[in-house]
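Data file: structure.tsv. Format and content: TSV, C-alpha atoms and all ligand atoms.
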```tsv
chain	number	residue	atom	x	y	z
A	204	MET	CA	-94.20	246.36	139.28
A	205	LYS	CA	-91.10	247.82	140.92
A	206	LYS	CA	-90.84	246.60	144.45
A	207	ILE	CA	-91.67	243.32	146.18
A	208	ALA	CA	-91.37	242.33	149.82
A	209	ILE	CA	-90.81	238.95	151.43
A	210	LEU	CA	-91.46	237.66	154.94
A	211	THR	CA	-91.32	234.29	156.68
A	212	SER	CA	-94.06	233.68	159.22
A	213	GLY	CA	-95.27	231.13	161.78
A	214	GLY	CA	-93.15	228.11	162.72
A	215	ASP	CA	-89.83	228.24	160.88
A	216	ALA	CA	-88.95	225.39	158.53
A	217	PRO	CA	-85.64	224.18	157.10
A	218	GLY	CA	-85.45	225.37	153.50
A	219	MET	CA	-87.00	228.79	154.12
A	220	ASN	CA	-83.59	230.32	153.45
A	221	SER	CA	-83.53	228.73	149.98
A	222	VAL	CA	-86.92	230.32	149.30
A	223	ILE	CA	-85.65	233.75	150.40
A	224	ARG	CA	-82.51	233.38	148.29
A	225	ALA	CA	-84.48	232.35	145.22
A	226	VAL	CA	-87.01	235.18	145.55
A	227	VAL	CA	-84.32	237.81	146.07
A	228	ARG	CA	-82.00	236.59	143.31
A	229	SER	CA	-84.83	236.08	140.77
A	230	ALA	CA	-86.33	239.50	141.52
A	231	VAL	CA	-82.99	241.35	141.39
A	232	LYS	CA	-82.29	239.75	137.98
A	233	GLU	CA	-85.56	241.28	136.80
A	234	ASN	CA	-84.49	244.70	138.13
A	235	LEU	CA	-87.02	244.64	140.94
A	236	GLN	CA	-86.28	246.09	144.36
A	237	VAL	CA	-86.68	243.57	147.17
A	238	THR	CA	-87.43	244.33	150.80
A	239	GLY	CA	-86.95	241.72	153.50
A	240	ILE	CA	-89.37	242.01	156.43
A	241	ARG	CA	-88.11	240.73	159.79
A	242	ARG	CA	-90.21	238.60	162.18
A	243	GLY	CA	-93.07	237.98	159.79
A	244	TYR	CA	-96.17	240.14	160.14
A	245	GLU	CA	-94.78	241.65	163.35
A	246	GLY	CA	-92.07	243.31	161.29
A	247	LEU	CA	-94.56	244.42	158.66
A	248	ILE	CA	-96.70	246.11	161.31
A	249	SER	CA	-93.72	247.77	162.99
A	250	GLY	CA	-91.84	248.56	159.77
A	251	ASP	CA	-88.85	246.38	160.65
A	252	ILE	CA	-87.44	245.95	157.16
A	253	GLU	CA	-84.17	245.69	155.27
A	254	GLU	CA	-83.41	246.30	151.62
A	255	MET	CA	-82.07	243.12	150.04
A	256	ARG	CA	-79.39	242.90	147.39
A	257	ALA	CA	-78.31	239.81	145.47
A	258	ASP	CA	-75.42	239.34	147.90
A	259	SER	CA	-77.66	239.74	150.98
A	260	VAL	CA	-78.64	236.10	150.50
A	261	SER	CA	-75.20	234.58	149.88
A	262	ASP	CA	-74.32	231.50	151.96
A	263	ILE	CA	-77.75	231.10	153.58
A	264	SER	CA	-79.08	227.93	151.90
A	265	ASP	CA	-76.99	225.62	154.09
A	266	HIS	CA	-78.61	226.94	157.24
A	267	GLY	CA	-81.82	225.92	158.96
A	268	GLY	CA	-84.16	228.55	160.36
A	269	THR	CA	-84.82	231.75	158.46
A	270	MET	CA	-82.46	234.70	158.05
A	271	LEU	CA	-85.48	237.01	158.16
A	272	LEU	CA	-86.60	235.59	161.53
A	273	SER	CA	-90.16	234.46	162.14
A	274	ALA	CA	-93.01	235.01	164.58
A	275	ARG	CA	-96.58	234.03	165.24
A	276	CYS	CA	-98.23	237.46	165.17
A	277	GLU	CA	-101.34	237.76	167.33
A	278	GLU	CA	-101.91	241.37	166.28
A	279	MET	CA	-102.40	240.27	162.70
A	280	ARG	CA	-105.55	238.43	163.81
A	281	THR	CA	-107.15	241.74	164.83
A	282	GLU	CA	-108.77	244.17	162.42
A	283	GLN	CA	-106.52	246.97	163.66
A	284	GLY	CA	-103.34	244.90	163.20
A	285	LEU	CA	-104.37	243.88	159.71
A	286	LYS	CA	-105.10	247.47	158.76
A	287	ARG	CA	-101.74	248.60	160.12
A	288	ALA	CA	-99.97	245.88	158.15
A	289	TYR	CA	-101.74	247.00	154.98
A	290	GLU	CA	-100.96	250.67	155.62
A	291	MET	CA	-97.26	249.82	156.14
A	292	ALA	CA	-97.20	247.93	152.83
A	293	LYS	CA	-98.57	251.09	151.17
A	294	ILE	CA	-96.13	253.41	153.00
A	295	PHE	CA	-93.19	251.31	151.83
A	296	SER	CA	-94.86	251.01	148.40
A	297	PHE	CA	-94.67	247.24	148.03
A	298	ASP	CA	-96.32	246.17	144.81
A	299	ALA	CA	-96.49	242.58	146.04
A	300	LEU	CA	-95.79	240.63	149.21
A	301	VAL	CA	-94.39	237.09	149.20
A	302	VAL	CA	-95.40	235.21	152.36
A	303	VAL	CA	-93.58	231.99	153.26
A	304	GLY	CA	-95.38	229.98	155.90
A	305	GLY	CA	-98.29	227.72	156.74
A	306	ASP	CA	-102.08	228.07	156.92
A	307	GLY	CA	-102.09	230.86	159.53
A	308	SER	CA	-99.60	232.91	157.51
A	309	PHE	CA	-101.62	232.35	154.31
A	310	THR	CA	-104.78	233.50	156.11
A	311	GLY	CA	-103.04	236.79	156.98
A	312	ALA	CA	-101.93	237.12	153.35
A	313	LYS	CA	-105.44	236.45	152.07
A	314	LYS	CA	-106.84	239.17	154.33
A	315	LEU	CA	-104.23	241.63	153.06
A	316	SER	CA	-105.25	240.71	149.51
A	317	GLU	CA	-108.85	241.60	150.36
A	318	LEU	CA	-107.63	245.09	151.30
A	319	GLY	CA	-105.92	245.40	147.92
A	320	LEU	CA	-102.34	244.14	148.35
A	321	ASN	CA	-101.10	241.58	145.83
A	322	VAL	CA	-99.83	238.52	147.74
A	323	ILE	CA	-98.11	235.29	146.81
A	324	GLY	CA	-97.98	232.43	149.32
A	325	ILE	CA	-95.18	229.87	149.36
A	326	PRO	CA	-95.88	226.79	151.55
A	327	GLY	CA	-93.25	226.55	154.28
A	328	THR	CA	-94.01	224.31	157.24
A	329	ILE	CA	-92.56	221.05	158.51
A	330	ASP	CA	-96.08	219.67	159.04
A	331	LEU	CA	-97.14	218.92	155.42
A	332	ASP	CA	-100.62	220.02	156.45
A	333	MET	CA	-101.67	222.30	153.59
A	334	PRO	CA	-104.13	220.23	151.56
A	335	TYR	CA	-103.84	222.31	148.37
A	336	THR	CA	-100.21	221.26	147.81
A	337	GLU	CA	-98.36	217.94	147.72
A	338	TYR	CA	-95.31	219.50	149.35
A	339	THR	CA	-94.48	222.08	152.00
A	340	VAL	CA	-90.86	223.22	152.42
A	341	GLY	CA	-89.32	221.77	155.58
A	342	PHE	CA	-91.14	218.44	155.72
A	343	ASP	CA	-88.35	216.29	154.29
A	344	THR	CA	-85.72	217.64	156.68
A	345	ALA	CA	-88.06	217.18	159.65
A	346	VAL	CA	-88.77	213.56	158.70
A	347	ASN	CA	-85.06	212.84	158.18
A	348	THR	CA	-84.21	214.41	161.54
A	349	GLY	CA	-86.96	212.38	163.20
A	350	MET	CA	-85.81	209.18	161.52
A	351	GLU	CA	-82.16	209.72	162.51
A	352	ALA	CA	-83.15	210.40	166.13
A	353	ILE	CA	-85.37	207.30	166.19
A	354	SER	CA	-82.47	205.19	164.83
A	355	LYS	CA	-80.36	206.28	167.81
A	356	ILE	CA	-83.21	205.58	170.20
A	357	ARG	CA	-83.64	202.17	168.57
A	358	ASP	CA	-80.04	201.18	169.46
A	359	THR	CA	-80.59	201.66	173.17
A	360	THR	CA	-84.16	200.28	172.98
A	361	PHE	CA	-82.71	197.11	171.42
A	362	SER	CA	-79.93	196.72	174.03
A	363	HIS	CA	-82.38	197.03	176.93
A	364	GLU	CA	-85.24	195.16	175.22
A	365	ARG	CA	-87.49	198.04	176.05
A	366	VAL	CA	-90.48	199.82	174.62
A	367	SER	CA	-89.73	203.33	173.32
A	368	ILE	CA	-92.39	205.91	172.72
A	369	VAL	CA	-91.07	208.67	170.47
A	370	GLU	CA	-93.15	211.82	170.14
A	371	VAL	CA	-92.69	213.86	166.97
A	372	MET	CA	-94.13	217.23	165.94
A	373	GLY	CA	-97.55	217.72	164.39
A	374	ARG	CA	-100.38	219.17	166.44
A	375	ASN	CA	-103.20	218.59	163.97
A	376	CYS	CA	-101.51	216.52	161.31
A	377	GLY	CA	-99.92	213.07	161.59
A	378	ALA	CA	-97.84	213.22	158.39
A	379	ILE	CA	-94.46	213.58	160.15
A	380	ALA	CA	-95.40	210.78	162.57
A	381	MET	CA	-96.52	208.39	159.83
A	382	TRP	CA	-93.52	209.03	157.59
A	383	CYS	CA	-91.13	208.66	160.54
A	384	ALA	CA	-92.91	205.47	161.63
A	385	VAL	CA	-92.67	203.85	158.19
A	386	ALA	CA	-89.07	205.00	157.68
A	387	SER	CA	-88.09	203.66	161.12
A	388	GLY	CA	-90.05	200.40	161.03
A	389	ALA	CA	-92.09	201.33	164.09
A	390	ASP	CA	-94.63	198.88	165.54
A	391	GLU	CA	-97.37	201.47	165.85
A	392	VAL	CA	-98.18	205.11	165.15
A	393	LEU	CA	-100.70	207.35	166.89
A	394	VAL	CA	-101.94	210.40	164.97
A	395	PRO	CA	-104.47	213.17	165.66
A	396	GLU	CA	-106.60	212.27	162.62
A	397	VAL	CA	-107.36	208.80	164.09
A	398	ARG	CA	-108.11	208.99	167.76
A	399	ASP	CA	-109.60	205.54	168.24
A	400	LYS	CA	-106.49	203.86	169.71
A	401	LYS	CA	-106.48	203.39	173.45
A	402	PRO	CA	-103.34	202.50	175.48
A	403	GLU	CA	-104.81	198.97	175.74
A	404	ASP	CA	-104.71	198.63	171.94
A	405	VAL	CA	-101.06	199.72	171.88
A	406	ILE	CA	-100.25	197.24	174.65
A	407	LYS	CA	-101.99	194.46	172.71
A	408	GLN	CA	-99.93	195.35	169.63
A	409	ILE	CA	-96.70	195.29	171.67
A	410	LEU	CA	-97.53	191.94	173.25
A	411	THR	CA	-98.55	190.39	169.92
A	412	ASN	CA	-95.27	191.54	168.38
A	413	ARG	CA	-93.31	190.21	171.35
A	414	ALA	CA	-95.10	186.83	171.02
A	415	LYS	CA	-93.88	186.74	167.42
A	416	GLY	CA	-90.28	187.18	168.52
A	417	LYS	CA	-89.80	190.92	168.80
A	418	LYS	CA	-87.64	191.89	171.78
A	419	HIS	CA	-88.00	195.65	171.63
A	420	ASN	CA	-90.71	197.99	170.37
A	421	LEU	CA	-90.92	201.47	168.88
A	422	ILE	CA	-94.13	203.46	168.96
A	423	VAL	CA	-94.29	206.84	167.22
A	424	VAL	CA	-96.75	209.35	168.65
A	425	ALA	CA	-97.71	212.68	167.05
A	426	GLU	CA	-97.64	215.81	169.21
A	427	GLY	CA	-101.41	216.20	168.73
A	428	ILE	CA	-101.95	212.94	170.66
A	429	GLY	CA	-99.26	213.74	173.24
A	430	LYS	CA	-99.25	212.07	176.68
A	431	SER	CA	-96.19	210.01	175.67
A	432	GLN	CA	-94.79	209.78	179.19
A	433	GLU	CA	-98.19	208.63	180.48
A	434	LEU	CA	-98.34	205.99	177.79
A	435	ALA	CA	-94.83	204.70	178.60
A	436	SER	CA	-95.69	204.51	182.32
A	437	LYS	CA	-98.92	202.65	181.60
A	438	ILE	CA	-97.20	200.13	179.33
A	439	GLU	CA	-94.55	199.48	182.01
A	440	GLU	CA	-97.15	199.22	184.77
A	441	ILE	CA	-99.39	196.77	182.91
A	442	THR	CA	-96.82	194.63	181.07
A	443	GLY	CA	-93.78	194.94	183.34
A	444	ILE	CA	-91.70	195.77	180.24
A	445	SER	CA	-89.31	198.66	180.84
A	446	SER	CA	-90.59	201.62	178.77
A	447	ARG	CA	-89.27	205.10	178.02
A	448	ALA	CA	-90.66	208.19	176.33
A	449	THR	CA	-88.67	210.71	174.27
A	450	ILE	CA	-90.18	213.93	172.97
A	451	LEU	CA	-88.21	215.19	169.96
A	452	GLY	CA	-89.93	218.60	169.89
A	453	HIS	CA	-88.21	221.51	168.21
A	454	LEU	CA	-85.18	219.40	167.27
A	455	GLN	CA	-87.13	218.63	164.09
A	456	ARG	CA	-87.51	222.28	163.14
A	457	GLY	CA	-83.77	222.94	162.98
A	458	GLY	CA	-80.69	221.69	161.19
A	459	ALA	CA	-79.28	221.98	157.70
A	460	PRO	CA	-82.08	221.60	155.14
A	461	SER	CA	-82.12	218.42	153.05
A	462	ALA	CA	-81.50	218.61	149.30
A	463	VAL	CA	-85.25	218.11	148.71
A	464	ASP	CA	-86.11	221.16	150.82
A	465	ARG	CA	-83.43	223.30	149.21
A	466	ILE	CA	-84.53	222.30	145.72
A	467	HIS	CA	-88.27	222.75	146.31
A	468	GLY	CA	-87.58	225.98	148.19
A	469	SER	CA	-85.41	227.35	145.36
A	470	ALA	CA	-87.90	226.33	142.68
A	471	MET	CA	-90.93	227.73	144.48
A	472	GLY	CA	-89.18	231.04	145.20
A	473	ASN	CA	-88.08	231.34	141.57
A	474	PHE	CA	-91.56	230.42	140.33
A	475	ALA	CA	-93.20	232.98	142.63
A	476	VAL	CA	-91.22	235.80	140.99
A	477	GLU	CA	-91.94	234.42	137.50
A	478	ILE	CA	-95.69	234.46	138.07
A	479	LEU	CA	-95.57	237.93	139.62
A	480	ILE	CA	-93.81	239.22	136.52
A	481	ALA	CA	-96.42	237.47	134.39
A	482	GLY	CA	-99.03	239.58	136.20
A	483	GLU	CA	-100.57	236.97	138.49
A	484	LYS	CA	-102.33	238.16	141.63
A	485	ASN	CA	-103.07	236.56	144.98
A	486	ARG	CA	-101.79	233.07	144.25
A	487	ALA	CA	-100.48	230.20	146.34
A	488	ILE	CA	-97.53	228.27	144.91
A	489	MET	CA	-97.96	224.51	145.01
A	490	VAL	CA	-96.68	221.14	143.89
A	491	LYS	CA	-99.42	219.27	142.05
A	492	ASP	CA	-98.88	215.89	140.35
A	493	GLY	CA	-95.17	216.43	140.88
A	494	LYS	CA	-95.14	219.78	139.03
A	495	TYR	CA	-95.03	223.36	140.26
A	496	GLY	CA	-98.25	225.31	139.87
A	497	HIS	CA	-100.33	228.00	141.54
A	498	MET	CA	-103.86	228.45	142.79
A	499	ASP	CA	-105.94	231.35	144.06
A	500	ILE	CA	-104.85	231.83	147.68
A	501	GLU	CA	-108.41	231.91	149.01
A	502	GLN	CA	-109.22	228.69	147.18
A	503	ALA	CA	-105.99	227.13	148.50
A	504	LEU	CA	-107.12	227.81	152.05
A	505	GLU	CA	-110.51	226.18	151.40
A	506	GLN	CA	-109.15	222.76	150.37
A	507	THR	CA	-110.21	219.85	152.57
A	508	PRO	CA	-107.48	217.71	154.12
A	509	VAL	CA	-107.35	214.14	152.86
A	510	PHE	CA	-105.93	211.69	155.37
A	511	ASP	CA	-103.27	209.35	153.98
A	512	GLN	CA	-104.94	206.15	155.15
A	513	SER	CA	-102.59	203.88	153.18
A	514	MET	CA	-99.51	205.41	154.83
A	515	TYR	CA	-101.21	204.95	158.20
A	516	ASN	CA	-102.09	201.29	157.45
A	517	ARG	CA	-98.58	200.63	156.16
A	518	VAL	CA	-97.09	200.98	159.66
A	519	ARG	CA	-99.13	198.02	160.89
A	520	ASN	CA	-98.99	196.10	157.60
A	521	LEU	CA	-95.19	196.04	157.90
A	522	SER	CA	-94.96	195.30	161.62
A	523	LEU	CA	-94.61	191.70	162.81
A	524	THR	CA	-98.36	191.40	163.40
A	525	GLY	CA	-99.09	192.25	159.76
B	1	LIG	O1	-96.23	224.20	162.45
B	1	LIG	C1	-94.99	223.68	162.77
B	1	LIG	C2	-94.94	223.23	164.22
B	1	LIG	O2	-93.63	222.82	164.50
B	1	LIG	C3	-95.95	222.15	164.61
B	1	LIG	O3	-95.53	220.85	164.28
B	1	LIG	C4	-96.04	222.37	166.09
B	1	LIG	O4	-97.29	221.91	166.54
B	1	LIG	C5	-95.91	223.86	166.23
B	1	LIG	O5	-95.26	224.32	165.07
B	1	LIG	C6	-95.15	224.33	167.44
B	1	LIG	O6	-95.17	225.71	167.47
B	1	LIG	P1	-94.25	226.62	168.39
B	1	LIG	O7	-92.86	226.59	167.85
B	1	LIG	O8	-94.86	227.97	168.28
B	1	LIG	O9	-94.32	226.04	169.77
```

Can you give me the file's structure in the form of structure tokens?
Amino acid sequence: MKKIAILTSGGDAPGMNSVIRAVVRSAVKENLQVTGIRRGYEGLISGDIEEMRADSVSDISDHGGTMLLSARCEEMRTEQGLKRAYEMAKIFSFDALVVVGGDGSFTGAKKLSELGLNVIGIPGTIDLDMPYTEYTVGFDTAVNTGMEAISKIRDTTFSHERVSIVEVMGRNCGAIAMWCAVASGADEVLVPEVRDKKPEDVIKQILTNRAKGKKHNLIVVAEGIGKSQELASKIEEITGISSRATILGHLQRGGAPSAVDRIHGSAMGNFAVEILIAGEKNRAIMVKDGKYGHMDIEQALEQTPVFDQSMYNRVRNLSLTG
């Protein structure tokens, strides 16, 4: 093996820069050439690449986002796009491709592996929605950003004795919402995995908490549930309690990565190069039982999500109604 390539793909995540740094530095130490591909699979298809040296990745770990840029590449979902990506990898003679991203990015990598390219996936997404691994780079920073924002919202919610609905990211996965809700002492959390809560149930929860002495309320809603403004308006209309909605959105995808994201990102990047040198093929890097490991990338994509029911219950168990 002489030459490896790295790309970051899909939604960016704080800590991706630590992954890039670790892959580049570890590979250069092993006398491998490293190519950085810009804008994920888009850059692979168009040949938008840069040769990376050890000093190409100096001073990047402090920064959110990804120095290699990222994109959601529609073309990669087509047979023609996939073939072009594979051909480009051959033209540039990559012996292996390291893909940092979520499920969609891993699916692209798996398809490239079926054509014959050796791929290594590193989980990078704020959502913590890849069931094969206990950790995805970016999650900790996103939760901390959400929690800090909710703390600020809490101050004004308290002063005005209001209800605040705070919407956090997570289209199909409620992990960010549940962690933010527990960390912020929210009254209630609404997540896409459990869709049985109606606005009436939330109102009942708010009123029960108020009857027990609470003068303001925080409800965390995951993006996959959405309709936060509608919910706030309904609460105000039915209860007469002043209510506001705040959608945090992409705020949670940015900012300096937390220590946890930098450390996991560095370790996973380093580990990816180690297993490549050991001759591994088509693997997904993971955290399992608190340790770094790897699994066949196809198998990784087949794992079934397990909903964290106890984290979900904890929000209510710790609210005043509990
Ligand atoms: O996958 C990360 C994520 O931030 C999700 O939480 C969110 O649903 C999605 O990406 C938003 O994607 P985009 O930045 O393309 O709008």

Where does chain A meet ligand LIG 1 (chain B) within 6 Å, residue by residue, with the nearest atom pair and distance in Å to one decimal for each, counting all atoms listed in the file, listed by chain and rising number, as a Markdown table?
```
| residue | atom | partner | partner_atom | distance |
| --- | --- | --- | --- | --- |
| A:Gly214 | CA | B:LIG1 | C1 | 4.8 |
| A:Thr328 | CA | B:LIG1 | C1 | 5.7 |
| A:Ile329 | CA | B:LIG1 | C1 | 5.6 |
| A:Asp330 | CA | B:LIG1 | O3 | 5.4 |
| A:Met372 | CA | B:LIG1 | O3 | 4.2 |
| A:Gly373 | CA | B:LIG1 | O3 | 3.7 |
| A:Arg374 | CA | B:LIG1 | O4 | 4.1 |
```

| query | Between A:Gly327, A:Ala475, A:Val260, A:Val226, which has the minimum distance to A:Thr211 (counting all atoms listed in the file)? | reply |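 Looking only at the distances to A:Thr211, the closest residue turns out to be A:Gly327.
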
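Using all atoms listed in the file, the smallest distance between any of A:Leu300, A:Phe309, A:Pro334, A:Met270 and A:Val509 comes from A:Pro334.
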
Tell me, counting all atoms listed in the file, for each residue of stretch 420-472 of chain A within 12 Å of stretch 491-496 of chain A, which pair of atoms is nearest and how far apart they are in Å to one decimal, in rows ordered by chain and increasing number, as JSON lines.
```
{"residue": "A:Ile466", "atom": "CA", "partner": "A:Tyr495", "partner_atom": "CA", "distance": 11.9}
{"residue": "A:His467", "atom": "CA", "partner": "A:Tyr495", "partner_atom": "CA", "distance": 9.1}
{"residue": "A:Gly468", "atom": "CA", "partner": "A:Tyr495", "partner_atom": "CA", "distance": 11.2}
{"residue": "A:Ser469", "atom": "CA", "partner": "A:Tyr495", "partner_atom": "CA", "distance": 11.6}
{"residue": "A:Ala470", "atom": "CA", "partner": "A:Tyr495", "partner_atom": "CA", "distance": 8.1}
{"residue": "A:Met471", "atom": "CA", "partner": "A:Tyr495", "partner_atom": "CA", "distance": 7.3}
{"residue": "A:Gly472", "atom": "CA", "partner": "A:Tyr495", "partner_atom": "CA", "distance": 10.8}
```

| task | Enter the distance from atom CA of A:Ala448 to atom CA of A:Glu370, in Å, rounded to one decimal. | result |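 So the answer is 7.6 Å.
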
| task | For A:Gly458, work out the shell of residues within 8 Å, counting only C-alpha atoms and skipping chain neighbours fewer than 5 positions away, then give it as a PyMOL selection string. | result | chain A and resi 217+266-268+344

| field | atom CA of A:Gly243 to atom CA of A:Lys206, distance in Å rounded to a single decimal | value |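 Those two atoms sit 17.7 Å apart.
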
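For the point (-106.3, 232.7, 146.3), the residues with an atom at a distance of at most 10 Å are Phe309, Thr310, Ala312, Lys313, Ser316, Val322, Ile323, Gly324, Lys484, Asn485, Arg486, Ala487, Ile488, His497, Met498, Asp499, Ile500, Glu501, Gln502, Ala503, Leu504 and Glu505 of chain A, counting all atoms listed in the file.
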
| message | Neighbouring residues of stretch 246-256 of chain A were defined as those with any atom within 10 Å, considering all atoms listed in the file; residues of the same chain fewer than 2 positions away were excluded. Please report them as JSON, numbers by chain. | response | {"A": [208, 209, 210, 224, 227, 228, 230, 231, 236, 237, 238, 239, 240, 241, 242, 243, 244, 258, 259, 260, 261, 271, 272, 273, 274, 276, 278, 279, 284, 285, 286, 287, 288, 289, 290, 291, 292, 294, 295]}

| task | Return the single residue from A:Asp262, A:Glu337, A:Asp464, A:Asp390 that is closest to A:Ile422, with distances computed using only C-alpha atoms. | result | A:Asp390

| task | Counting all atoms listed in the file, figure out which residue out of A:Gly452, A:Gly388, A:Ile368, A:Met381 gets nearest to A:Glu433. | result |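 Checking each of A:Gly452, A:Gly388, A:Ile368, A:Met381 against A:Glu433, counting all atoms listed in the file, the winner is A:Ile368.
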
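Distances to A:Trp382 were evaluated for A:Ile356, A:Val518, A:Met333, A:Ile450 using all atoms listed in the file, and the minimum falls at A:Val518.
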
Hey, what's within 9 Å of A:Asn375 if we count all atoms listed in the file and toss same-chain stuff fewer than 3 positions away? As an mmCIF file with C-alpha atoms, in the coordinates of the input, please?
```
data_model
loop_
_atom_site.group_PDB
_atom_site.id
_atom_site.type_symbol
_atom_site.label_atom_id
_atom_site.label_comp_id
_atom_site.auth_asym_id
_atom_site.auth_seq_id
_atom_site.Cartn_x
_atom_site.Cartn_y
_atom_site.Cartn_z
ATOM 1 C CA ASP A 330 -96.080 219.670 159.040
ATOM 2 C CA ASP A 332 -100.620 220.020 156.450
ATOM 3 C CA VAL A 394 -101.940 210.400 164.970
ATOM 4 C CA PRO A 395 -104.470 213.170 165.660
ATOM 5 C CA GLU A 396 -106.600 212.270 162.620
ATOM 6 C CA ALA A 425 -97.710 212.680 167.050
ATOM 7 C CA GLU A 426 -97.640 215.810 169.210
ATOM 8 C CA GLY A 427 -101.410 216.200 168.730
ATOM 9 C CA ILE A 428 -101.950 212.940 170.660
#
```

With only C-alpha atoms as the counted atoms, please give the residues lying no more than 10 Å from A:Ile444, apart from itself and same-chain residues fewer than 4 positions off, as a PDB file with C-alpha atoms, in the frame of the given file.
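Contents of out-v1.pdb, as written:
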```pdb
ATOM      1  CA  HIS A 363     -82.380 197.030 176.930  1.00  0.00           C
ATOM      2  CA  GLU A 364     -85.240 195.160 175.220  1.00  0.00           C
ATOM      3  CA  ARG A 365     -87.490 198.040 176.050  1.00  0.00           C
ATOM      4  CA  VAL A 366     -90.480 199.820 174.620  1.00  0.00           C
ATOM      5  CA  ILE A 409     -96.700 195.290 171.670  1.00  0.00           C
ATOM      6  CA  LEU A 410     -97.530 191.940 173.250  1.00  0.00           C
ATOM      7  CA  HIS A 419     -88.000 195.650 171.630  1.00  0.00           C
ATOM      8  CA  ALA A 435     -94.830 204.700 178.600  1.00  0.00           C
ATOM      9  CA  SER A 436     -95.690 204.510 182.320  1.00  0.00           C
ATOM     10  CA  ILE A 438     -97.200 200.130 179.330  1.00  0.00           C
ATOM     11  CA  GLU A 439     -94.550 199.480 182.010  1.00  0.00           C
ATOM     12  CA  GLU A 440     -97.150 199.220 184.770  1.00  0.00           C
TER      13      GLU A 440
END
```
